[in-house]
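J.: I have a structure here, written as structure tokens, and I will follow up with some questions on it.
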Amino acid sequence: MRQILAICLLFILLLPVFSQNKDDKAVYSDIHQKYFRYRNRLQYFIVFGRGQGHGLLSTLRNRDTWFNQDGIENSGDEFSTHPSITFGQSFTRSGYLLGALVLEYKLWLEADIPELAETTLKQINDIIAAFNRCDMCESGPPWFMKDTLDGFFIREDMPPVLSDTMFSVLNKGLNGEQFLSDRIKNKEYGFPARIYQYQVECLAKYNSESSFYFLHRFPGDPDAKSFTLRDSHFKHYYQEQKFTSQDEAIGALVGLSLCVHLIDDSSTKAEAAHCALRMLNYLSGYQQVGETKWWRPRFPDGTLLGNNNGGDVRAFAFPLKFIGEDIIESCNLQGQYPGIENAPYYPSYFEGAEISSYSNFGEKKYRILRFMTSQCLTLSGESRIFRNPVSELSGISKKYNWDTFYLLLYAALHNMPENALSKYYDYDKLLYQLSSAPENGTYNYLFGNVKSPAEWSAEFKWSSSLGAQNENNNERWSLGNYSGVDFIILHNLACYVLKDYRESFVNYSRKNHL
């Protein structure tokens with residue numbers, strides 16, 4: 001009798017555990033279902049392939065803002081960007097998408113679905129090819145020199161007018177009554193709206209008379225005469241934050257590093273390694289001919305990029321050199337990238353970045369520094385001031401609720417077992433973030449006074465302030481429909497690193513015959 005009572009008591013005590021596990025499985029399943037909606041939605045933000053503009057992720061589409069060209073209200077020159085697609089920070093965002101696809105590829109192999117793994121691998125190679133294509137940029141404006149594959153890249157090469165194929169892909173299934181205002185009026189938040197073939201916000205938007213922006217220029221941009229004369233305004237337009245910068249390169253390195261460390265296909269791994277090393281070799285400032293200023297890269301005409309173009313890399317020389325040396329060693333590429341191998345570490349510079357990032361002051365002032373430091377600590381696994389970089393990374397990234405992401409990325413890149421990660425990891429926060437992401441894609445609108453989604457109001461969560469993540473977004477340039485790559489990579493990291501999420505994803509994929 002006592003044994004029966006004991007068994008009954010044990011069963012009662014375990015009921016909450018069983019219920020929680022069942023609930024968790026249901027929640028995980030809902031999260032995976034949402035992931036595949038986001039994954040399918042990517043077709044409205046990127047065209048995979050090898051042509052011009054292919055393989056690069058759009059920052060946002062249906063940008064929700066109006067522009068007044070002459071500054072005079074109701075003068076008739078105002079225009080809307082609702083039917084546009086926007087490309088900015090393309091290497092950073094495409095780098096994070098590349099990382100997400102690498103993780104997805106590994107998950108398909110885990111689920112034993114080789115045909116989907118093969119499709120994802122092709123898309124991985126399309127993004128790497130896009131990086132290499134944008135590297136061959138010196139023959140274009142404002143340089144008009146010979147193209148070289150050397151790590152100096154233009155941030156995107158989108159055509160100012162979409163090809164018929166690209167236009168068809170990016171508007172697939174969207175009819176003439178599905179513009180942004182229609183979507184918002186119908187409360188279809190997060191659903192991509194129609195765009196026009198000739199309204200592409202890209203670097204080359206003023207290069208074609210057929211482009212909407214040829215006649216509707218953004219305030220401060222040069223006029224058609226400047227482009228004809230190739231005067232100083234024309235040169236400034238192209239040189240100001242249009243080419244390589246340390247933040248664009250580091251964002252690309254997120255995906256390329258995951259590719260080098262996790263992809264088993266030898267040719268893909270080699271392409272990713274060389275692409276990453278070319279960028280790092282360029283950032284080192286190494287000059288085969290002429291004066292080398294270490295970690296001060298130059299434009300093709302020999303002038304320094306300068307701080308305003310992310311051209312003083314000394315603050316992150318220490319981790320970037322470690323990243324490069326690690327790739328060189330793992331891929332047996334010694335002697336091929338002298339800039340990386342010979343450049344100084346400049347350790348004191350990174351110490352300053354770490355101390356400022358770890359401090360508890362300057363939430364707004366040091367946000368971008370903390371973003372860059374978090375990425376570099378994660379990618380390199382090296383710190384100058386902490387014996388345990390994971391503890392440091394947690395302390396820095398937790399200030400903005402980025403810790404769920406960067407700690408998982410660290411674990412994936414450095415083979416950190418989950419039992420070691422759990423000491424620092426907030427599983428409840430992860431579950432809340434994944435569950436709270438909008439059901440049909442991330443967004444933030446000005447039109448219609450739509451309430452923005454908590455936690456996911458920013459265009460890119462893993463570099464944004466707490467205010468921007470939670471509706472208080474004053475960056476009017478970045479309102480509209482977002483790609484959702486920040487949710488996609490968080491989901492895939494959770495499924496790759498954490499056992500419960502991984503098993504749930506595999507079971508969900510097999511059950512739904514994906």
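The chains in the structure tokens are called A, B, ... from first to last as shown; in each chain the residues are counted from 1, and the ligands are counted from 1 in the order shown.
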Within 10 Å of A:Tyr482, counting only C-alpha atoms, which residues qualify if same-chain residues fewer than 4 places away don't, as a ChimeraX atom specification?
T.: /A:42,45,58-63,190-192,441-444,456-460,478,486
J.: Give me, as an MDAnalysis selection string, all polymer residues having an atom no more than 10 Å from A:Lys122, counting only C-alpha atoms and skipping those fewer than 4 positions away in the same chain.
T.: chainID A and resid 48:49 101 116:118 126:127 268
J.: What are the DSSP helix (DSSP H, G or I) residues of stretch 96-333 of chain A, as a tab-separated table (two decimals) with N, CA and C atoms, in the first residue's frame?
T.:
```
chain	number	residue	atom	x	y	z
A	96	TYR	N	24.86	38.07	-42.24
A	96	TYR	CA	24.05	37.39	-41.22
A	96	TYR	C	23.12	36.36	-41.86
A	97	LEU	N	22.60	36.67	-43.04
A	97	LEU	CA	21.78	35.68	-43.74
A	97	LEU	C	22.64	34.48	-44.15
A	98	LEU	N	23.84	34.74	-44.61
A	98	LEU	CA	24.76	33.65	-44.95
A	98	LEU	C	24.96	32.73	-43.75
A	99	GLY	N	25.18	33.33	-42.58
A	99	GLY	CA	25.34	32.52	-41.37
A	99	GLY	C	24.10	31.71	-41.06
A	100	ALA	N	22.93	32.31	-41.23
A	100	ALA	CA	21.67	31.60	-40.97
A	100	ALA	C	21.52	30.41	-41.91
A	101	LEU	N	21.93	30.58	-43.17
A	101	LEU	CA	21.81	29.49	-44.15
A	101	LEU	C	22.82	28.38	-43.87
A	102	VAL	N	24.00	28.74	-43.40
A	102	VAL	CA	24.97	27.71	-43.01
A	102	VAL	C	24.40	26.83	-41.91
A	103	LEU	N	23.77	27.46	-40.92
A	103	LEU	CA	23.16	26.71	-39.82
A	103	LEU	C	21.98	25.88	-40.31
A	104	GLU	N	21.20	26.45	-41.22
A	104	GLU	CA	20.07	25.70	-41.79
A	104	GLU	C	20.58	24.47	-42.54
A	105	TYR	N	21.65	24.65	-43.28
A	105	TYR	CA	22.26	23.52	-44.01
A	105	TYR	C	22.62	22.39	-43.05
A	106	LYS	N	23.24	22.74	-41.93
A	106	LYS	CA	23.60	21.73	-40.94
A	106	LYS	C	22.36	21.05	-40.35
A	107	LEU	N	21.30	21.81	-40.17
A	107	LEU	CA	20.07	21.24	-39.61
A	107	LEU	C	19.39	20.30	-40.61
A	108	TRP	N	19.44	20.63	-41.89
A	108	TRP	CA	18.88	19.72	-42.89
A	108	TRP	C	19.64	18.40	-42.92
A	109	LEU	N	20.95	18.47	-42.78
A	109	LEU	CA	21.74	17.24	-42.72
A	109	LEU	C	21.38	16.44	-41.47
A	110	GLU	N	21.19	17.12	-40.35
A	110	GLU	CA	20.80	16.46	-39.11
A	110	GLU	C	19.44	15.77	-39.26
A	114	PRO	N	18.52	15.55	-47.51
A	114	PRO	CA	19.65	16.02	-48.34
A	114	PRO	C	19.26	16.96	-49.46
A	115	GLU	N	18.03	16.80	-50.02
A	115	GLU	CA	17.65	17.66	-51.13
A	115	GLU	C	17.50	19.12	-50.68
A	116	LEU	N	17.01	19.33	-49.46
A	116	LEU	CA	16.92	20.70	-48.94
A	116	LEU	C	18.30	21.23	-48.56
A	117	ALA	N	19.16	20.36	-48.05
A	117	ALA	CA	20.54	20.76	-47.75
A	117	ALA	C	21.24	21.23	-49.03
A	118	GLU	N	21.00	20.53	-50.13
A	118	GLU	CA	21.63	20.88	-51.40
A	118	GLU	C	21.14	22.25	-51.90
A	119	THR	N	19.83	22.50	-51.76
A	119	THR	CA	19.27	23.80	-52.17
A	119	THR	C	19.87	24.93	-51.34
A	120	THR	N	19.95	24.72	-50.02
A	120	THR	CA	20.52	25.74	-49.14
A	120	THR	C	21.99	25.98	-49.45
A	121	LEU	N	22.73	24.92	-49.75
A	121	LEU	CA	24.15	25.07	-50.09
A	121	LEU	C	24.32	25.92	-51.34
A	122	LYS	N	23.43	25.76	-52.29
A	122	LYS	CA	23.48	26.58	-53.51
A	122	LYS	C	23.26	28.05	-53.16
A	123	GLN	N	22.33	28.33	-52.27
A	123	GLN	CA	22.07	29.72	-51.87
A	123	GLN	C	23.24	30.30	-51.10
A	124	ILE	N	23.89	29.46	-50.29
A	124	ILE	CA	25.11	29.89	-49.59
A	124	ILE	C	26.17	30.35	-50.60
A	125	ASN	N	26.35	29.57	-51.63
A	125	ASN	CA	27.35	29.91	-52.65
A	125	ASN	C	26.95	31.14	-53.47
A	126	ASP	N	25.64	31.37	-53.62
A	126	ASP	CA	25.19	32.57	-54.32
A	126	ASP	C	25.58	33.83	-53.55
A	127	ILE	N	25.49	33.79	-52.22
A	127	ILE	CA	25.85	34.97	-51.42
A	127	ILE	C	27.36	35.19	-51.47
A	128	ILE	N	28.14	34.12	-51.36
A	128	ILE	CA	29.60	34.27	-51.45
A	128	ILE	C	29.98	34.82	-52.82
A	129	ALA	N	29.32	34.33	-53.87
A	129	ALA	CA	29.58	34.84	-55.22
A	129	ALA	C	29.23	36.32	-55.33
A	130	ALA	N	28.16	36.74	-54.63
A	130	ALA	CA	27.79	38.16	-54.64
A	130	ALA	C	28.87	39.01	-53.97
A	131	PHE	N	29.43	38.51	-52.88
A	131	PHE	CA	30.54	39.22	-52.22
A	131	PHE	C	31.72	39.38	-53.18
A	132	ASN	N	32.04	38.31	-53.88
A	132	ASN	CA	33.17	38.37	-54.82
A	132	ASN	C	32.86	39.28	-56.00
A	133	ARG	N	31.61	39.24	-56.46
A	133	ARG	CA	31.22	40.10	-57.58
A	133	ARG	C	31.34	41.58	-57.20
A	134	CYS	N	30.93	41.93	-55.99
A	134	CYS	CA	31.01	43.32	-55.54
A	134	CYS	C	32.45	43.75	-55.27
A	135	ASP	N	33.34	42.77	-55.10
A	135	ASP	CA	34.77	43.08	-54.93
A	135	ASP	C	35.35	43.61	-56.25
A	164	ASP	N	13.26	42.12	-65.64
A	164	ASP	CA	11.92	41.53	-65.60
A	164	ASP	C	11.89	40.33	-64.67
A	165	THR	N	12.97	39.55	-64.67
A	165	THR	CA	13.02	38.36	-63.82
A	165	THR	C	13.04	38.74	-62.34
A	166	MET	N	13.91	39.69	-61.98
A	166	MET	CA	13.98	40.11	-60.59
A	166	MET	C	12.67	40.74	-60.13
A	167	PHE	N	12.08	41.55	-60.98
A	167	PHE	CA	10.81	42.19	-60.64
A	167	PHE	C	9.72	41.15	-60.39
A	168	SER	N	9.70	40.14	-61.24
A	168	SER	CA	8.70	39.07	-61.10
A	168	SER	C	8.90	38.29	-59.80
A	169	VAL	N	10.15	37.98	-59.47
A	169	VAL	CA	10.43	37.22	-58.26
A	169	VAL	C	10.08	38.04	-57.02
A	170	LEU	N	10.47	39.30	-57.00
A	170	LEU	CA	10.27	40.14	-55.82
A	170	LEU	C	8.81	40.56	-55.61
A	180	LEU	N	1.51	49.17	-49.79
A	180	LEU	CA	1.69	49.25	-48.35
A	180	LEU	C	0.46	49.82	-47.64
A	181	SER	N	-0.12	50.88	-48.18
A	181	SER	CA	-1.30	51.47	-47.54
A	181	SER	C	-2.46	50.47	-47.49
A	182	ASP	N	-2.60	49.65	-48.54
A	182	ASP	CA	-3.65	48.62	-48.54
A	182	ASP	C	-3.38	47.57	-47.47
A	183	ARG	N	-2.13	47.15	-47.38
A	183	ARG	CA	-1.76	46.14	-46.37
A	183	ARG	C	-2.07	46.66	-44.97
A	184	ILE	N	-1.70	47.90	-44.71
A	184	ILE	CA	-1.89	48.45	-43.36
A	184	ILE	C	-3.38	48.63	-43.06
A	185	LYS	N	-4.14	49.13	-44.04
A	185	LYS	CA	-5.58	49.30	-43.83
A	185	LYS	C	-6.27	47.97	-43.55
A	212	PHE	N	13.14	55.89	-61.15
A	212	PHE	CA	12.28	56.85	-60.49
A	212	PHE	C	13.11	57.96	-59.84
A	213	TYR	N	14.26	57.58	-59.30
A	213	TYR	CA	15.07	58.52	-58.52
A	213	TYR	C	15.92	59.44	-59.39
A	214	PHE	N	15.94	59.20	-60.71
A	214	PHE	CA	16.68	60.12	-61.58
A	214	PHE	C	16.06	61.51	-61.51
A	215	LEU	N	14.73	61.58	-61.43
A	215	LEU	CA	14.03	62.86	-61.33
A	215	LEU	C	13.62	63.20	-59.91
A	224	ALA	N	21.88	65.88	-61.83
A	224	ALA	CA	22.32	65.20	-63.05
A	224	ALA	C	23.56	65.84	-63.64
A	225	LYS	N	23.68	67.16	-63.51
A	225	LYS	CA	24.84	67.86	-64.05
A	225	LYS	C	26.13	67.40	-63.37
A	226	SER	N	26.08	67.21	-62.06
A	226	SER	CA	27.26	66.73	-61.33
A	226	SER	C	27.70	65.36	-61.83
A	227	PHE	N	26.73	64.51	-62.14
A	227	PHE	CA	27.07	63.17	-62.65
A	227	PHE	C	27.68	63.27	-64.04
A	228	THR	N	27.19	64.20	-64.85
A	228	THR	CA	27.75	64.38	-66.20
A	228	THR	C	29.18	64.91	-66.12
A	229	LEU	N	29.41	65.87	-65.24
A	229	LEU	CA	30.73	66.48	-65.12
A	229	LEU	C	31.69	65.66	-64.26
A	232	SER	N	33.14	67.29	-57.88
A	232	SER	CA	33.41	66.92	-56.49
A	232	SER	C	32.18	66.37	-55.78
A	233	HIS	N	31.00	66.88	-56.12
A	233	HIS	CA	29.76	66.37	-55.51
A	233	HIS	C	29.51	64.93	-55.92
A	234	PHE	N	29.77	64.64	-57.19
A	234	PHE	CA	29.66	63.28	-57.72
A	234	PHE	C	30.62	62.34	-56.99
A	235	LYS	N	31.87	62.76	-56.82
A	235	LYS	CA	32.86	61.92	-56.15
A	235	LYS	C	32.51	61.71	-54.68
A	236	HIS	N	32.03	62.75	-54.03
A	236	HIS	CA	31.65	62.65	-52.62
A	236	HIS	C	30.49	61.68	-52.44
A	237	TYR	N	29.53	61.73	-53.37
A	237	TYR	CA	28.37	60.83	-53.31
A	237	TYR	C	28.84	59.37	-53.29
A	238	TYR	N	29.78	59.04	-54.15
A	238	TYR	CA	30.23	57.65	-54.24
A	238	TYR	C	31.17	57.26	-53.10
A	239	GLN	N	32.03	58.17	-52.68
A	239	GLN	CA	33.03	57.80	-51.68
A	239	GLN	C	32.48	57.78	-50.26
A	246	GLN	N	34.79	48.87	-41.94
A	246	GLN	CA	35.03	47.77	-41.00
A	246	GLN	C	33.72	47.12	-40.54
A	247	ASP	N	32.64	47.90	-40.39
A	247	ASP	CA	31.39	47.30	-39.93
A	247	ASP	C	30.77	46.42	-40.99
A	248	GLU	N	30.85	46.83	-42.26
A	248	GLU	CA	30.33	45.98	-43.34
A	248	GLU	C	31.13	44.69	-43.46
A	249	ALA	N	32.45	44.79	-43.36
A	249	ALA	CA	33.30	43.61	-43.47
A	249	ALA	C	33.08	42.66	-42.29
A	250	ILE	N	32.97	43.20	-41.08
A	250	ILE	CA	32.79	42.35	-39.91
A	250	ILE	C	31.44	41.65	-39.97
A	251	GLY	N	30.40	42.34	-40.46
A	251	GLY	CA	29.11	41.69	-40.63
A	251	GLY	C	29.19	40.53	-41.61
A	252	ALA	N	29.91	40.74	-42.72
A	252	ALA	CA	30.10	39.66	-43.68
A	252	ALA	C	30.87	38.50	-43.06
A	253	LEU	N	31.83	38.83	-42.18
A	253	LEU	CA	32.65	37.80	-41.53
A	253	LEU	C	31.84	36.87	-40.63
A	254	VAL	N	30.69	37.35	-40.12
A	254	VAL	CA	29.84	36.48	-39.31
A	254	VAL	C	29.44	35.24	-40.12
A	255	GLY	N	28.92	35.48	-41.31
A	255	GLY	CA	28.52	34.36	-42.16
A	255	GLY	C	29.69	33.57	-42.72
A	256	LEU	N	30.73	34.29	-43.15
A	256	LEU	CA	31.88	33.61	-43.74
A	256	LEU	C	32.60	32.73	-42.70
A	257	SER	N	32.68	33.20	-41.45
A	257	SER	CA	33.33	32.40	-40.39
A	257	SER	C	32.54	31.14	-40.10
A	258	LEU	N	31.22	31.26	-40.02
A	258	LEU	CA	30.39	30.06	-39.81
A	258	LEU	C	30.56	29.09	-40.97
A	259	CYS	N	30.68	29.64	-42.17
A	259	CYS	CA	30.88	28.80	-43.36
A	259	CYS	C	32.20	28.02	-43.26
A	260	VAL	N	33.27	28.72	-42.91
A	260	VAL	CA	34.58	28.08	-42.80
A	260	VAL	C	34.59	27.00	-41.72
A	261	HIS	N	33.94	27.27	-40.60
A	261	HIS	CA	33.99	26.36	-39.45
A	261	HIS	C	33.02	25.19	-39.56
A	262	LEU	N	31.89	25.36	-40.27
A	262	LEU	CA	30.84	24.35	-40.20
A	262	LEU	C	30.54	23.62	-41.51
A	266	SER	N	34.10	21.10	-49.52
A	266	SER	CA	35.45	21.68	-49.57
A	266	SER	C	35.53	22.93	-50.45
A	267	SER	N	34.84	22.93	-51.59
A	267	SER	CA	34.93	24.09	-52.47
A	267	SER	C	34.23	25.31	-51.87
A	268	THR	N	33.09	25.08	-51.20
A	268	THR	CA	32.37	26.18	-50.54
A	268	THR	C	33.21	26.74	-49.39
A	269	LYS	N	33.79	25.86	-48.61
A	269	LYS	CA	34.64	26.29	-47.49
A	269	LYS	C	35.83	27.10	-48.00
A	270	ALA	N	36.45	26.66	-49.09
A	270	ALA	CA	37.61	27.37	-49.64
A	270	ALA	C	37.21	28.76	-50.15
A	271	GLU	N	36.07	28.85	-50.85
A	271	GLU	CA	35.60	30.14	-51.35
A	271	GLU	C	35.34	31.11	-50.20
A	272	ALA	N	34.70	30.60	-49.14
A	272	ALA	CA	34.41	31.44	-47.98
A	272	ALA	C	35.69	31.90	-47.30
A	273	ALA	N	36.67	31.01	-47.19
A	273	ALA	CA	37.94	31.34	-46.53
A	273	ALA	C	38.67	32.44	-47.30
A	274	HIS	N	38.78	32.29	-48.61
A	274	HIS	CA	39.50	33.30	-49.40
A	274	HIS	C	38.75	34.63	-49.40
A	275	CYS	N	37.44	34.58	-49.44
A	275	CYS	CA	36.64	35.81	-49.41
A	275	CYS	C	36.88	36.55	-48.09
A	276	ALA	N	36.85	35.83	-46.98
A	276	ALA	CA	37.09	36.44	-45.67
A	276	ALA	C	38.50	37.00	-45.56
A	277	LEU	N	39.47	36.23	-46.03
A	277	LEU	CA	40.87	36.66	-45.89
A	277	LEU	C	41.20	37.85	-46.78
A	278	ARG	N	40.58	37.93	-47.94
A	278	ARG	CA	40.79	39.11	-48.79
A	278	ARG	C	40.30	40.37	-48.07
A	279	MET	N	39.13	40.28	-47.45
A	279	MET	CA	38.60	41.43	-46.71
A	279	MET	C	39.53	41.83	-45.58
A	280	LEU	N	39.99	40.85	-44.81
A	280	LEU	CA	40.87	41.13	-43.68
A	280	LEU	C	42.22	41.66	-44.14
A	281	ASN	N	42.73	41.11	-45.21
A	281	ASN	CA	44.01	41.57	-45.75
A	281	ASN	C	43.90	43.02	-46.20
A	282	TYR	N	42.77	43.36	-46.80
A	282	TYR	CA	42.55	44.74	-47.22
A	282	TYR	C	42.43	45.66	-46.00
A	283	LEU	N	41.65	45.24	-44.99
A	283	LEU	CA	41.48	46.07	-43.80
A	283	LEU	C	42.79	46.30	-43.07
A	307	ASN	N	37.80	58.00	-40.89
A	307	ASN	CA	36.90	57.53	-39.85
A	307	ASN	C	35.45	57.53	-40.30
A	308	ASN	N	35.05	58.53	-41.08
A	308	ASN	CA	33.64	58.61	-41.49
A	308	ASN	C	33.24	57.46	-42.40
A	309	ASN	N	34.20	56.78	-42.97
A	309	ASN	CA	33.92	55.60	-43.81
A	309	ASN	C	34.32	54.30	-43.12
A	314	ARG	N	42.12	50.23	-36.24
A	314	ARG	CA	43.06	49.88	-35.18
A	314	ARG	C	42.38	49.40	-33.90
A	315	ALA	N	41.18	49.91	-33.60
A	315	ALA	CA	40.49	49.50	-32.37
A	315	ALA	C	40.16	48.02	-32.37
A	316	PHE	N	40.02	47.42	-33.56
A	316	PHE	CA	39.65	46.01	-33.65
A	316	PHE	C	40.71	45.16	-34.35
A	317	ALA	N	41.91	45.72	-34.46
A	317	ALA	CA	43.00	44.99	-35.10
A	317	ALA	C	43.29	43.68	-34.37
A	318	PHE	N	43.28	43.71	-33.04
A	318	PHE	CA	43.62	42.53	-32.25
A	318	PHE	C	42.71	41.34	-32.57
A	319	PRO	N	41.39	41.46	-32.45
A	319	PRO	CA	40.55	40.30	-32.77
A	319	PRO	C	40.53	39.97	-34.25
A	320	LEU	N	40.60	40.98	-35.12
A	320	LEU	CA	40.56	40.70	-36.55
A	320	LEU	C	41.79	39.91	-37.01
A	321	LYS	N	42.95	40.23	-36.45
A	321	LYS	CA	44.15	39.46	-36.80
A	321	LYS	C	44.01	38.02	-36.33
A	322	PHE	N	43.44	37.81	-35.15
A	322	PHE	CA	43.21	36.45	-34.67
A	322	PHE	C	42.25	35.68	-35.58
A	323	ILE	N	41.19	36.36	-36.02
A	323	ILE	CA	40.22	35.72	-36.92
A	323	ILE	C	40.92	35.27	-38.20
A	324	GLY	N	41.72	36.18	-38.78
A	324	GLY	CA	42.43	35.85	-40.00
A	324	GLY	C	43.42	34.72	-39.83
A	325	GLU	N	44.20	34.77	-38.75
A	325	GLU	CA	45.19	33.72	-38.51
A	325	GLU	C	44.53	32.37	-38.29
A	326	ASP	N	43.38	32.37	-37.63
A	326	ASP	CA	42.66	31.12	-37.41
A	326	ASP	C	42.21	30.50	-38.73
A	327	ILE	N	41.69	31.33	-39.64
A	327	ILE	CA	41.25	30.81	-40.95
A	327	ILE	C	42.45	30.33	-41.76
A	328	ILE	N	43.53	31.10	-41.74
A	328	ILE	CA	44.75	30.70	-42.47
A	328	ILE	C	45.24	29.34	-41.99
A	329	GLU	N	45.28	29.15	-40.68
A	329	GLU	CA	45.76	27.89	-40.12
A	329	GLU	C	44.82	26.73	-40.43
A	330	SER	N	43.53	26.95	-40.27
A	330	SER	CA	42.57	25.84	-40.47
A	330	SER	C	42.47	25.44	-41.93
```
J.: Would you mind telling me which residue in A:Thr81, A:Gln469, A:Asn415, A:Asp500 lies nearest to A:Leu431 when using only C-alpha atoms?
T.: A:Asp500
J.: What is the distance, in Å and to one decimal place, between atom CA of A:Lys242 and atom CA of A:Ser139?
T.: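 Atom-to-atom, atom CA of A:Lys242 to atom CA of A:Ser139, that is 14.8 Å.
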J.: Hey, what does DSSP flag as strand (DSSP E or B) within stretch 16-225 of chain A? Can you give it to me as a list in words?
T.: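 Restricting stretch 16-225 of chain A to strand (DSSP E or B) produces Leu60, Arg61, Trp66, Phe67, Phe79, Ser80, Ile85, Thr86, Ile154, Val200 and Glu201 of chain A.
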J.: Name all residues at most 10 Å from A:Arg370 (count only C-alpha atoms; drop same-chain ones fewer than 2 positions away) and give them as a PyMOL selection string.
T.: chain A and resi 353-354+356-359+363+365-368+372-376+393+396-397+399-400+463
J.: Please, could you write that set of residues out with N, CA, C and O atoms as a tab-separated table (two decimals), in the first residue's frame?
T.:
```tsv
chain	number	residue	atom	x	y	z
A	353	ALA	N	38.56	49.59	-26.30
A	353	ALA	CA	37.22	49.26	-26.80
A	353	ALA	C	36.48	48.36	-25.82
A	353	ALA	O	35.28	48.54	-25.56
A	354	GLU	N	37.20	47.38	-25.26
A	354	GLU	CA	36.58	46.46	-24.31
A	354	GLU	C	36.16	47.17	-23.02
A	354	GLU	O	35.04	46.95	-22.52
A	356	SER	N	35.50	50.38	-22.51
A	356	SER	CA	34.37	51.27	-22.78
A	356	SER	C	33.08	50.47	-22.99
A	356	SER	O	32.01	50.87	-22.53
A	357	SER	N	33.18	49.34	-23.66
A	357	SER	CA	32.01	48.53	-23.94
A	357	SER	C	31.45	47.88	-22.68
A	357	SER	O	30.23	47.77	-22.50
A	358	TYR	N	32.34	47.46	-21.80
A	358	TYR	CA	31.91	46.75	-20.59
A	358	TYR	C	31.37	47.71	-19.53
A	358	TYR	O	30.62	47.31	-18.65
A	359	SER	N	31.74	48.97	-19.61
A	359	SER	CA	31.33	49.95	-18.61
A	359	SER	C	29.81	50.12	-18.62
A	359	SER	O	29.13	49.75	-19.58
A	363	GLU	N	24.82	54.53	-22.66
A	363	GLU	CA	23.97	53.54	-23.34
A	363	GLU	C	23.81	53.87	-24.81
A	363	GLU	O	23.90	53.01	-25.68
A	365	LYS	N	25.64	56.47	-26.47
A	365	LYS	CA	26.92	56.88	-27.06
A	365	LYS	C	27.76	55.69	-27.47
A	365	LYS	O	28.44	55.73	-28.51
A	366	TYR	N	27.75	54.61	-26.68
A	366	TYR	CA	28.64	53.48	-26.94
A	366	TYR	C	27.93	52.26	-27.54
A	366	TYR	O	28.50	51.18	-27.59
A	367	ARG	N	26.69	52.45	-28.01
A	367	ARG	CA	25.95	51.30	-28.55
A	367	ARG	C	26.66	50.69	-29.75
A	367	ARG	O	26.85	49.46	-29.81
A	368	ILE	N	27.05	51.49	-30.72
A	368	ILE	CA	27.70	50.94	-31.92
A	368	ILE	C	29.04	50.31	-31.55
A	368	ILE	O	29.42	49.25	-32.08
A	372	MET	N	30.08	46.41	-32.25
A	372	MET	CA	31.31	45.99	-32.93
A	372	MET	C	32.15	45.10	-32.02
A	372	MET	O	32.70	44.08	-32.44
A	373	THR	N	32.26	45.49	-30.75
A	373	THR	CA	33.04	44.70	-29.79
A	373	THR	C	32.42	43.32	-29.58
A	373	THR	O	33.14	42.31	-29.53
A	374	SER	N	31.11	43.26	-29.49
A	374	SER	CA	30.42	41.98	-29.32
A	374	SER	C	30.69	41.05	-30.49
A	374	SER	O	30.97	39.86	-30.31
A	375	GLN	N	30.63	41.60	-31.70
A	375	GLN	CA	30.91	40.79	-32.89
A	375	GLN	C	32.34	40.27	-32.87
A	375	GLN	O	32.59	39.08	-33.14
A	376	CYS	N	33.29	41.17	-32.58
A	376	CYS	CA	34.70	40.79	-32.64
A	376	CYS	C	35.06	39.78	-31.55
A	376	CYS	O	35.84	38.84	-31.78
A	393	LEU	N	31.47	38.90	-22.83
A	393	LEU	CA	30.49	39.03	-23.90
A	393	LEU	C	29.07	39.11	-23.33
A	393	LEU	O	28.25	39.93	-23.77
A	396	ILE	N	28.53	42.63	-21.78
A	396	ILE	CA	28.37	43.70	-22.76
A	396	ILE	C	27.03	43.61	-23.47
A	396	ILE	O	26.27	44.58	-23.55
A	397	SER	N	26.72	42.44	-23.97
A	397	SER	CA	25.53	42.28	-24.84
A	397	SER	C	24.22	42.28	-24.06
A	397	SER	O	23.17	42.63	-24.60
A	399	LYS	N	23.25	44.33	-21.94
A	399	LYS	CA	22.76	45.70	-21.77
A	399	LYS	C	21.64	46.02	-22.75
A	399	LYS	O	20.80	46.89	-22.52
A	400	TYR	N	21.65	45.33	-23.91
A	400	TYR	CA	20.68	45.60	-24.96
A	400	TYR	C	19.83	44.36	-25.29
A	400	TYR	O	19.17	44.34	-26.32
A	463	SER	N	21.88	44.95	-33.21
A	463	SER	CA	22.72	46.15	-33.10
A	463	SER	C	21.93	47.34	-32.58
A	463	SER	O	22.47	48.44	-32.49
```
J.: Figure out the distance between atom CA of A:Gly140 and atom CA of A:Glu291, please, to one decimal in Å.
T.: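 These atoms are spaced 25.1 Å apart.
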J.: For A:His491, find every residue with an atom within 9 Å (counting only C-alpha atoms), except residues of its own chain fewer than 6 positions away, and show them as a count of residues only.
T.: 6
J.: Just the number, please: distance in Å from atom CA of A:Gly311 to atom CA of A:Arg298, one decimal.
T.: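 That distance, rounded to one decimal, is 7.9 Å.
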J.: Can you work out which one of A:Thr404, A:Gln52, A:Thr378, A:Gln288 has the shortest atom-to-atom distance to A:Tyr337, counting only C-alpha atoms?
T.: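 Counting only C-alpha atoms, the residue closest to A:Tyr337 is A:Gln288.
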J.: What's the 7 Å shell around A:Tyr410, counting only C-alpha atoms, without same-chain residues fewer than 3 positions away, as a list in words?
T.: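 So the residues in contact are Thr378, Leu379, Tyr406, Leu407, Leu413 and His414 of chain A.
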